[in-house]
$ cat my_file.txt   # compact mmCIF, C-alpha atoms
# COMPACT_ATOMS: atom_id res chain seq x y z
CA ILE Y 1 20.33 -51.85 -17.73
CA VAL Y 2 18.79 -48.36 -17.61
CA HIS Y 3 19.93 -45.82 -15.02
CA SER Y 4 18.38 -42.44 -14.37
CA ALA Y 5 20.52 -39.65 -12.99
CA LEU Y 6 19.62 -36.22 -11.73
CA SER Y 7 22.21 -33.81 -13.12
CA PRO Y 8 22.29 -30.18 -12.07
CA PRO Y 9 21.38 -27.77 -14.86
CA GLU Y 10 24.04 -25.69 -16.52
CA ASN Y 11 24.55 -22.15 -15.27
CA LEU Y 12 23.91 -19.85 -18.19
CA ASN Y 13 23.66 -16.08 -18.34
CA VAL Y 14 20.51 -15.30 -20.29
CA PHE Y 15 19.72 -11.72 -21.22
CA MET Y 16 16.07 -11.08 -21.98
CA HIS Y 17 14.28 -7.84 -22.69
CA THR Y 18 11.29 -6.85 -20.57
CA GLY Y 19 9.11 -4.07 -21.87
CA LEU Y 20 7.89 -1.75 -19.14
CA SER Y 21 5.74 1.30 -19.69
CA GLY Y 22 3.15 3.35 -17.92
CA GLY Y 23 2.31 6.66 -16.44
CA ASN Y 24 0.33 8.32 -13.72
CA VAL Y 25 -1.54 11.50 -12.89
CA LEU Y 26 -1.80 13.03 -9.43
CA SER Y 27 -4.14 15.89 -8.59
CA ARG Y 28 -4.44 17.46 -5.15
CA TRP Y 29 -6.66 20.29 -3.93
CA ASN Y 30 -6.23 22.01 -0.55
CA HIS Y 31 -8.63 24.48 1.02
CA ALA Y 32 -8.20 26.30 4.34
CA PHE Y 33 -11.43 27.34 6.04
CA SER Y 34 -9.45 29.00 8.85
CA THR Y 35 -6.09 28.62 10.60
CA ARG Y 36 -7.64 25.69 12.53
CA SER Y 37 -9.57 23.89 9.78
CA ASP Y 38 -8.61 22.65 6.30
CA ILE Y 39 -9.36 19.87 3.84
CA THR Y 40 -7.33 18.03 1.21
CA VAL Y 41 -8.78 16.04 -1.68
CA GLN Y 42 -6.46 13.90 -3.78
CA PHE Y 43 -7.04 11.87 -6.97
CA TYR Y 44 -4.49 9.49 -8.48
CA PHE Y 45 -4.56 7.33 -11.63
CA ASP Y 46 -1.83 4.89 -12.65
CA ARG Y 47 -1.51 2.69 -15.75
CA TYR Y 48 1.23 0.07 -15.87
CA THR Y 49 2.13 -2.45 -18.58
CA ARG Y 50 4.76 -5.16 -18.58
CA SER Y 51 5.56 -7.43 -21.50
CA GLY Y 52 8.39 -9.69 -20.55
CA PRO Y 53 9.59 -13.20 -20.95
CA GLU Y 54 7.84 -14.38 -17.75
CA SER Y 55 4.38 -12.87 -18.24
CA ARG Y 56 2.39 -9.95 -19.58
CA GLU Y 57 0.40 -7.62 -17.35
CA LEU Y 58 -1.75 -4.52 -17.76
CA ARG Y 59 -2.87 -2.77 -14.55
CA ASN Y 60 -5.04 0.31 -13.99
CA THR Y 61 -5.33 1.83 -10.51
CA VAL Y 62 -7.61 4.66 -9.41
CA ASP Y 63 -7.12 6.14 -5.94
CA PHE Y 64 -9.15 8.82 -4.14
CA ASP Y 65 -8.37 10.31 -0.69
CA PHE Y 66 -10.16 12.91 1.43
CA ARG Y 67 -8.64 14.40 4.62
CA HIS Y 68 -10.12 16.93 7.05
CA HIS Y 69 -8.11 18.64 9.79
CA VAL Y 70 -9.80 20.64 12.54
CA GLY Y 71 -8.62 22.11 15.83
CA LEU Y 72 -10.98 21.42 18.73
CA GLY Y 73 -10.42 23.67 21.72
CA SER Y 74 -6.90 24.47 22.88
CA ARG Y 75 -5.70 20.88 23.38
CA HIS Y 76 -7.13 18.75 20.54
CA ASP Y 77 -6.02 18.71 16.90
CA LEU Y 78 -8.20 16.18 15.02
CA THR Y 79 -7.49 14.75 11.57
CA TRP Y 80 -9.82 12.27 9.88
CA GLY Y 81 -10.33 10.99 6.38
CA VAL Y 82 -11.52 8.34 3.96
CA GLY Y 83 -9.87 6.60 1.05
CA TYR Y 84 -10.88 4.44 -1.90
CA ARG Y 85 -8.73 2.45 -4.35
CA HIS Y 86 -9.80 0.36 -7.34
CA SER Y 87 -7.19 -1.75 -9.07
CA ALA Y 88 -7.80 -4.04 -12.06
CA ASP Y 89 -5.37 -6.13 -14.04
CA GLN Y 90 -5.27 -8.35 -17.11
CA THR Y 91 -2.47 -10.91 -17.26
CA VAL Y 92 -1.21 -13.54 -19.68
CA GLY Y 93 0.93 -16.24 -18.10
CA THR Y 94 3.54 -18.59 -19.47
CA ILE Y 95 4.45 -22.19 -18.79
CA ASP Y 96 6.74 -20.98 -15.97
CA GLN Y 97 4.41 -18.61 -14.12
CA ALA Y 98 0.86 -17.32 -14.21
CA PHE Y 99 -1.69 -15.55 -12.05
CA VAL Y 100 -4.80 -17.51 -11.13
CA PRO Y 101 -7.29 -16.08 -11.92
CA ALA Y 102 -5.70 -14.36 -14.92
CA ASN Y 103 -7.76 -11.16 -14.59
CA ARG Y 104 -8.75 -9.63 -11.28
CA ALA Y 105 -10.25 -6.39 -10.01
CA GLY Y 106 -10.59 -5.31 -6.42
CA GLU Y 107 -11.35 -2.42 -4.12
CA LEU Y 108 -9.86 -1.11 -0.92
CA TRP Y 109 -11.79 1.21 1.40
CA SER Y 110 -10.28 2.95 4.41
CA PHE Y 111 -11.23 5.34 7.19
CA PHE Y 112 -8.81 6.93 9.66
CA VAL Y 113 -8.99 9.28 12.62
CA GLU Y 114 -6.17 10.74 14.76
CA ASP Y 115 -6.24 13.19 17.65
CA GLN Y 116 -3.13 15.13 18.64
CA ILE Y 117 -3.62 15.95 22.32
CA THR Y 118 -1.47 18.67 23.88
CA LEU Y 119 -0.58 17.47 27.38
CA LYS Y 120 1.89 20.30 28.02
CA PRO Y 121 2.15 23.13 25.43
CA ASP Y 122 5.33 23.05 23.30
CA CYS Y 123 6.57 20.09 25.35
CA LEU Y 124 4.45 16.93 25.57
CA LEU Y 125 2.08 15.63 22.85
CA LEU Y 126 -0.02 12.45 22.75
CA TYR Y 127 -1.28 11.08 19.43
CA VAL Y 128 -4.15 8.56 19.51
CA GLY Y 129 -5.67 7.16 16.35
CA THR Y 130 -6.78 4.24 14.27
CA LYS Y 131 -7.30 3.19 10.69
CA LEU Y 132 -10.06 0.84 9.54
CA GLU Y 133 -9.41 -0.81 6.20
CA ASN Y 134 -11.51 -3.16 4.08
CA SER Y 135 -9.45 -4.92 1.42
CA TYR Y 136 -10.64 -7.38 -1.22
CA PHE Y 137 -7.88 -9.75 -0.04
CA THR Y 138 -8.13 -9.51 3.76
CA GLY Y 139 -11.54 -8.06 4.65
CA PHE Y 140 -11.80 -5.62 7.58
CA VAL Y 141 -8.60 -4.76 9.49
CA LEU Y 142 -8.32 -2.37 12.46
CA GLU Y 143 -4.92 -0.65 12.91
CA PRO Y 144 -4.75 1.31 16.21
CA SER Y 145 -1.82 3.55 17.12
CA VAL Y 146 -0.61 5.52 20.16
CA ARG Y 147 2.44 7.85 20.09
CA LEU Y 148 4.00 10.13 22.69
CA ALA Y 149 6.37 12.98 21.78
CA TRP Y 150 8.43 14.92 24.31
CA ASN Y 151 10.20 18.04 23.01
CA LEU Y 152 13.39 18.37 25.06
CA SER Y 153 14.44 21.51 23.17
CA ASN Y 154 13.91 23.18 19.78
CA ARG Y 155 16.32 20.63 18.27
CA GLN Y 156 15.63 17.46 20.28
CA THR Y 157 12.52 15.29 20.58
CA LEU Y 158 12.07 11.91 22.20
CA TRP Y 159 9.15 9.81 21.08
CA ALA Y 160 7.71 6.34 21.56
CA ALA Y 161 4.94 4.53 19.72
CA VAL Y 162 2.82 1.40 19.88
CA SER Y 163 1.00 0.43 16.68
CA ASP Y 164 -0.72 -2.54 15.14
CA ALA Y 165 -0.34 -2.32 11.38
CA SER Y 166 -0.96 -4.80 8.59
CA ARG Y 167 0.16 -4.97 4.99
CA ALA Y 168 -2.43 -5.79 2.39
CA PRO Y 169 -1.14 -8.74 0.36
CA SER Y 170 -0.58 -8.33 -3.35
CA ARG Y 171 -1.40 -10.58 -6.30
CA HIS Y 172 2.17 -11.86 -6.15
CA ASP Y 173 1.58 -12.99 -2.56
CA LEU Y 174 -1.70 -14.83 -3.14
CA ASN Y 175 -2.35 -15.58 -6.80
CA LEU Y 176 1.03 -16.37 -8.40
CA VAL Y 177 1.61 -19.93 -9.59
CA ALA Y 178 5.28 -20.38 -10.52
CA VAL Y 179 7.26 -23.46 -11.51
CA LEU Y 180 10.43 -23.50 -9.42
CA THR Y 181 12.09 -26.49 -11.02
CA ALA Y 182 11.37 -29.37 -13.35
CA LEU Y 183 12.42 -32.84 -12.24
CA PRO Y 184 13.17 -35.86 -14.45
CA GLY Y 185 9.94 -37.39 -15.70
CA PRO Y 186 6.57 -35.69 -15.49
CA ALA Y 187 7.27 -33.91 -12.18
CA GLU Y 188 7.83 -30.33 -11.12
CA VAL Y 189 8.00 -28.26 -7.96
CA VAL Y 190 5.37 -25.52 -7.99
CA LEU Y 191 5.11 -22.46 -5.73

$ encode --input "my_file.txt" --output "structure tokens"
Amino acid sequence: IVHSALSPPENLNVFMHTGLSGGNVLSRWNHAFSTRSDITVQFYFDRYTRSGPESRELRNTVDFDFRHHVGLGSRHDLTWGVGYRHSADQTVGTIDQAFVPANRAGELWSFFVEDQITLKPDCLLLYVGTKLENSYFTGFVLEPSVRLAWNLSNRQTLWAAVSDASRAPSRHDLNLVAVLTALPGPAEVVL
């Protein structure tokens, strides 16, 4: 007679070395046209490598942002801008986990605008704005926002906000295939 039994695995402390390295560069330029108008341009580059027991990954990210602030009349303070991000990776998976597809590159474009409206000088401010984002994972997403700030004194402010924001998913959210457990026989539970 043959019996099969499912025995829990042993609990072992395993110490493995994961090699992490990388670096980044950030450059920002500000220019004031007047006390009521200025621009900011920012460039960012990041390189990240991981060589560990689970997988190997190399990622390069380039990010560019432009922001313009301008005062319009006595009550409006407008800020608008655009952004661009390109991220590309190369991965090598293992039997336990892998990214599918192994190599992926994508872009994220964004546009935002916000108006700070003075309802009562030095007392009541209304902020109305939105961000439009186009991600390679989610497509177009609109993220509106409304905030109200009431300055009770120089040291106290009450504020309330209503926003609709979204988080762009990552490769770990959408493209990771990981074996959670192996069962007796040719079976496994995969995430």

$ atom_distance --input "my_file.txt" --atom1 "CA of Arg59 in chain Y" --atom2 "CA of Gly139 in chain Y"
21.7 Å

$ closest_residue --input "my_file.txt" --among "Y:Val100, Y:Ala161, Y:Val25, Y:Val177" --to "Asp63 in chain Y" --atoms "all atoms listed in the file"
Y:Val25

$ axis_aligned_box --input "my_file.txt" --around "range 135-140 of chain Y" --padding-each-side "4 Å" --output "AutoDock Vina command-line options"
--center_x -9.8 --center_y -7.3 --center_z 3.2 --size_x 11.9 --size_y 12.8 --size_z 16.8

$ residues_around --input "my_file.txt" --residues "His86 in chain Y" --least-positions-apart "4" --cutoff "12 Å" --atoms "all atoms listed in the file" --output "MDAnalysis selection string"
chainID Y and resid 43:46 59:64 104:109 135:136

$ residues_near_point --input "my_file.txt" --point "(2.7, 11.6, 22.4)" --cutoff "6 Å" --atoms "all atoms listed in the file" --output "short mmCIF file (atom, residue, chain, number, x, y, z; two decimals) with C-alpha atoms, in the frame of the given file"
data_model
loop_
_atom_site.label_atom_id
_atom_site.label_comp_id
_atom_site.auth_asym_id
_atom_site.auth_seq_id
_atom_site.Cartn_x
_atom_site.Cartn_y
_atom_site.Cartn_z
CA LEU Y 125 2.08 15.63 22.85
CA LEU Y 126 -0.02 12.45 22.75
CA TYR Y 127 -1.28 11.08 19.43
CA ARG Y 147 2.44 7.85 20.09
CA LEU Y 148 4.00 10.13 22.69
CA ALA Y 149 6.37 12.98 21.78
#

$ atom_distance --input "my_file.txt" --atom1 "CA of Ala168 in chain Y" --atom2 "CA of Pro101 in chain Y"
18.3 Å

$ closest_residue --input "my_file.txt" --among "Y:Thr118, Y:Asn103, Y:Ser110, Y:Thr130" --to "Asn175 in chain Y" --atoms "all atoms listed in the file"
Y:Asn103

$ closest_residue --input "my_file.txt" --among "Y:Val162, Y:Ile117, Y:Ala178, Y:Val41" --to "Ser55 in chain Y" --atoms "all atoms listed in the file"
Y:Ala178

$ residues_near_point --input "my_file.txt" --point "(-7.1, 15.4, 9.7)" --cutoff "6 Å" --atoms "only C-alpha atoms" --output "list in words"
Arg67, His68, His69, Leu78, Thr79 and Trp80 of chain Y

$ closest_residue --input "my_file.txt" --among "Y:Cys123, Y:Asp38, Y:Thr138, Y:Arg171" --to "Ser153 in chain Y" --atoms "only C-alpha atoms"
Y:Cys123

$ closest_residue --input "my_file.txt" --among "Y:Gln90, Y:Phe99, Y:Lys120, Y:Glu114" --to "Leu174 in chain Y" --atoms "all atoms listed in the file"
Y:Phe99

$ atom_distance --input "my_file.txt" --atom1 "CA of Ser163 in chain Y" --atom2 "CA of Asp115 in chain Y"
14.7 Å

$ residues_around --input "my_file.txt" --residues "Trp29 in chain Y" --least-positions-apart "2" --cutoff "8 Å" --atoms "only C-alpha atoms" --output "list in words"
Ser27, His31, Thr40, Val41 and Gln42 of chain Y

$ build_atoms --input "my_file.txt" --residues "range 88-117 of chain Y" --atoms "N, CA and C atoms" --output "PDB file, keeping the file's coordinate frame"
ATOM      1  N   ALA Y  88      -7.402  -2.945 -11.176  1.00  0.00           N
ATOM      2  CA  ALA Y  88      -7.800  -4.040 -12.060  1.00  0.00           C
ATOM      3  C   ALA Y  88      -6.634  -4.402 -12.960  1.00  0.00           C
ATOM      4  N   ASP Y  89      -6.451  -5.694 -13.159  1.00  0.00           N
ATOM      5  CA  ASP Y  89      -5.370  -6.130 -14.040  1.00  0.00           C
ATOM      6  C   ASP Y  89      -5.855  -7.173 -15.036  1.00  0.00           C
ATOM      7  N   GLN Y  90      -5.090  -7.299 -16.101  1.00  0.00           N
ATOM      8  CA  GLN Y  90      -5.270  -8.350 -17.110  1.00  0.00           C
ATOM      9  C   GLN Y  90      -3.888  -8.947 -17.309  1.00  0.00           C
ATOM     10  N   THR Y  91      -3.771 -10.265 -17.137  1.00  0.00           N
ATOM     11  CA  THR Y  91      -2.470 -10.910 -17.260  1.00  0.00           C
ATOM     12  C   THR Y  91      -2.538 -12.068 -18.254  1.00  0.00           C
ATOM     13  N   VAL Y  92      -1.391 -12.366 -18.830  1.00  0.00           N
ATOM     14  CA  VAL Y  92      -1.210 -13.540 -19.680  1.00  0.00           C
ATOM     15  C   VAL Y  92       0.010 -14.256 -19.143  1.00  0.00           C
ATOM     16  N   GLY Y  93      -0.162 -15.480 -18.689  1.00  0.00           N
ATOM     17  CA  GLY Y  93       0.930 -16.240 -18.100  1.00  0.00           C
ATOM     18  C   GLY Y  93       1.709 -17.034 -19.135  1.00  0.00           C
ATOM     19  N   THR Y  94       2.724 -17.711 -18.644  1.00  0.00           N
ATOM     20  CA  THR Y  94       3.540 -18.590 -19.470  1.00  0.00           C
ATOM     21  C   THR Y  94       3.565 -19.972 -18.813  1.00  0.00           C
ATOM     22  N   ILE Y  95       4.329 -20.852 -19.361  1.00  0.00           N
ATOM     23  CA  ILE Y  95       4.450 -22.190 -18.790  1.00  0.00           C
ATOM     24  C   ILE Y  95       5.168 -22.146 -17.437  1.00  0.00           C
ATOM     25  N   ASP Y  96       5.962 -21.092 -17.206  1.00  0.00           N
ATOM     26  CA  ASP Y  96       6.740 -20.980 -15.970  1.00  0.00           C
ATOM     27  C   ASP Y  96       5.982 -20.294 -14.835  1.00  0.00           C
ATOM     28  N   GLN Y  97       5.148 -19.312 -15.171  1.00  0.00           N
ATOM     29  CA  GLN Y  97       4.410 -18.610 -14.120  1.00  0.00           C
ATOM     30  C   GLN Y  97       3.143 -17.996 -14.677  1.00  0.00           C
ATOM     31  N   ALA Y  98       2.144 -17.910 -13.811  1.00  0.00           N
ATOM     32  CA  ALA Y  98       0.860 -17.320 -14.210  1.00  0.00           C
ATOM     33  C   ALA Y  98       0.126 -16.886 -12.952  1.00  0.00           C
ATOM     34  N   PHE Y  99      -0.799 -15.947 -13.131  1.00  0.00           N
ATOM     35  CA  PHE Y  99      -1.690 -15.550 -12.050  1.00  0.00           C
ATOM     36  C   PHE Y  99      -3.005 -16.291 -12.209  1.00  0.00           C
ATOM     37  N   VAL Y 100      -3.520 -16.792 -11.109  1.00  0.00           N
ATOM     38  CA  VAL Y 100      -4.800 -17.510 -11.130  1.00  0.00           C
ATOM     39  C   VAL Y 100      -5.719 -16.836 -10.119  1.00  0.00           C
ATOM     40  N   PRO Y 101      -6.799 -16.213 -10.552  1.00  0.00           N
ATOM     41  CA  PRO Y 101      -7.290 -16.080 -11.920  1.00  0.00           C
ATOM     42  C   PRO Y 101      -6.447 -15.096 -12.725  1.00  0.00           C
ATOM     43  N   ALA Y 102      -6.544 -15.191 -14.045  1.00  0.00           N
ATOM     44  CA  ALA Y 102      -5.700 -14.360 -14.920  1.00  0.00           C
ATOM     45  C   ALA Y 102      -6.048 -12.881 -14.819  1.00  0.00           C
ATOM     46  N   ASN Y 103      -7.312 -12.556 -14.677  1.00  0.00           N
ATOM     47  CA  ASN Y 103      -7.760 -11.160 -14.590  1.00  0.00           C
ATOM     48  C   ASN Y 103      -8.448 -10.967 -13.247  1.00  0.00           C
ATOM     49  N   ARG Y 104      -8.146  -9.858 -12.596  1.00  0.00           N
ATOM     50  CA  ARG Y 104      -8.750  -9.630 -11.280  1.00  0.00           C
ATOM     51  C   ARG Y 104      -8.910  -8.128 -11.055  1.00  0.00           C
ATOM     52  N   ALA Y 105     -10.005  -7.772 -10.411  1.00  0.00           N
ATOM     53  CA  ALA Y 105     -10.250  -6.390 -10.010  1.00  0.00           C
ATOM     54  C   ALA Y 105     -10.641  -6.395  -8.543  1.00  0.00           C
ATOM     55  N   GLY Y 106     -10.248  -5.360  -7.827  1.00  0.00           N
ATOM     56  CA  GLY Y 106     -10.590  -5.310  -6.420  1.00  0.00           C
ATOM     57  C   GLY Y 106     -10.607  -3.882  -5.909  1.00  0.00           C
ATOM     58  N   GLU Y 107     -11.223  -3.724  -4.740  1.00  0.00           N
ATOM     59  CA  GLU Y 107     -11.350  -2.420  -4.120  1.00  0.00           C
ATOM     60  C   GLU Y 107     -10.788  -2.445  -2.717  1.00  0.00           C
ATOM     61  N   LEU Y 108     -10.336  -1.286  -2.282  1.00  0.00           N
ATOM     62  CA  LEU Y 108      -9.860  -1.110  -0.920  1.00  0.00           C
ATOM     63  C   LEU Y 108     -10.471   0.176  -0.385  1.00  0.00           C
ATOM     64  N   TRP Y 109     -11.183   0.061   0.738  1.00  0.00           N
ATOM     65  CA  TRP Y 109     -11.790   1.210   1.400  1.00  0.00           C
ATOM     66  C   TRP Y 109     -11.073   1.435   2.712  1.00  0.00           C
ATOM     67  N   SER Y 110     -10.919   2.686   3.122  1.00  0.00           N
ATOM     68  CA  SER Y 110     -10.280   2.950   4.410  1.00  0.00           C
ATOM     69  C   SER Y 110     -10.880   4.196   5.059  1.00  0.00           C
ATOM     70  N   PHE Y 111     -10.818   4.197   6.384  1.00  0.00           N
ATOM     71  CA  PHE Y 111     -11.230   5.340   7.190  1.00  0.00           C
ATOM     72  C   PHE Y 111     -10.192   5.490   8.295  1.00  0.00           C
ATOM     73  N   PHE Y 112      -9.767   6.727   8.577  1.00  0.00           N
ATOM     74  CA  PHE Y 112      -8.810   6.930   9.660  1.00  0.00           C
ATOM     75  C   PHE Y 112      -9.213   8.150  10.478  1.00  0.00           C
ATOM     76  N   VAL Y 113      -8.783   8.143  11.738  1.00  0.00           N
ATOM     77  CA  VAL Y 113      -8.990   9.280  12.620  1.00  0.00           C
ATOM     78  C   VAL Y 113      -7.787   9.341  13.569  1.00  0.00           C
ATOM     79  N   GLU Y 114      -7.287  10.552  13.826  1.00  0.00           N
ATOM     80  CA  GLU Y 114      -6.170  10.740  14.760  1.00  0.00           C
ATOM     81  C   GLU Y 114      -6.373  12.046  15.511  1.00  0.00           C
ATOM     82  N   ASP Y 115      -6.135  11.998  16.816  1.00  0.00           N
ATOM     83  CA  ASP Y 115      -6.240  13.190  17.650  1.00  0.00           C
ATOM     84  C   ASP Y 115      -4.872  13.475  18.264  1.00  0.00           C
ATOM     85  N   GLN Y 116      -4.364  14.670  17.997  1.00  0.00           N
ATOM     86  CA  GLN Y 116      -3.130  15.130  18.640  1.00  0.00           C
ATOM     87  C   GLN Y 116      -3.550  15.904  19.886  1.00  0.00           C
ATOM     88  N   ILE Y 117      -3.204  15.358  21.044  1.00  0.00           N
ATOM     89  CA  ILE Y 117      -3.620  15.950  22.320  1.00  0.00           C
ATOM     90  C   ILE Y 117      -2.412  16.630  22.959  1.00  0.00           C
TER      91      ILE Y 117
END
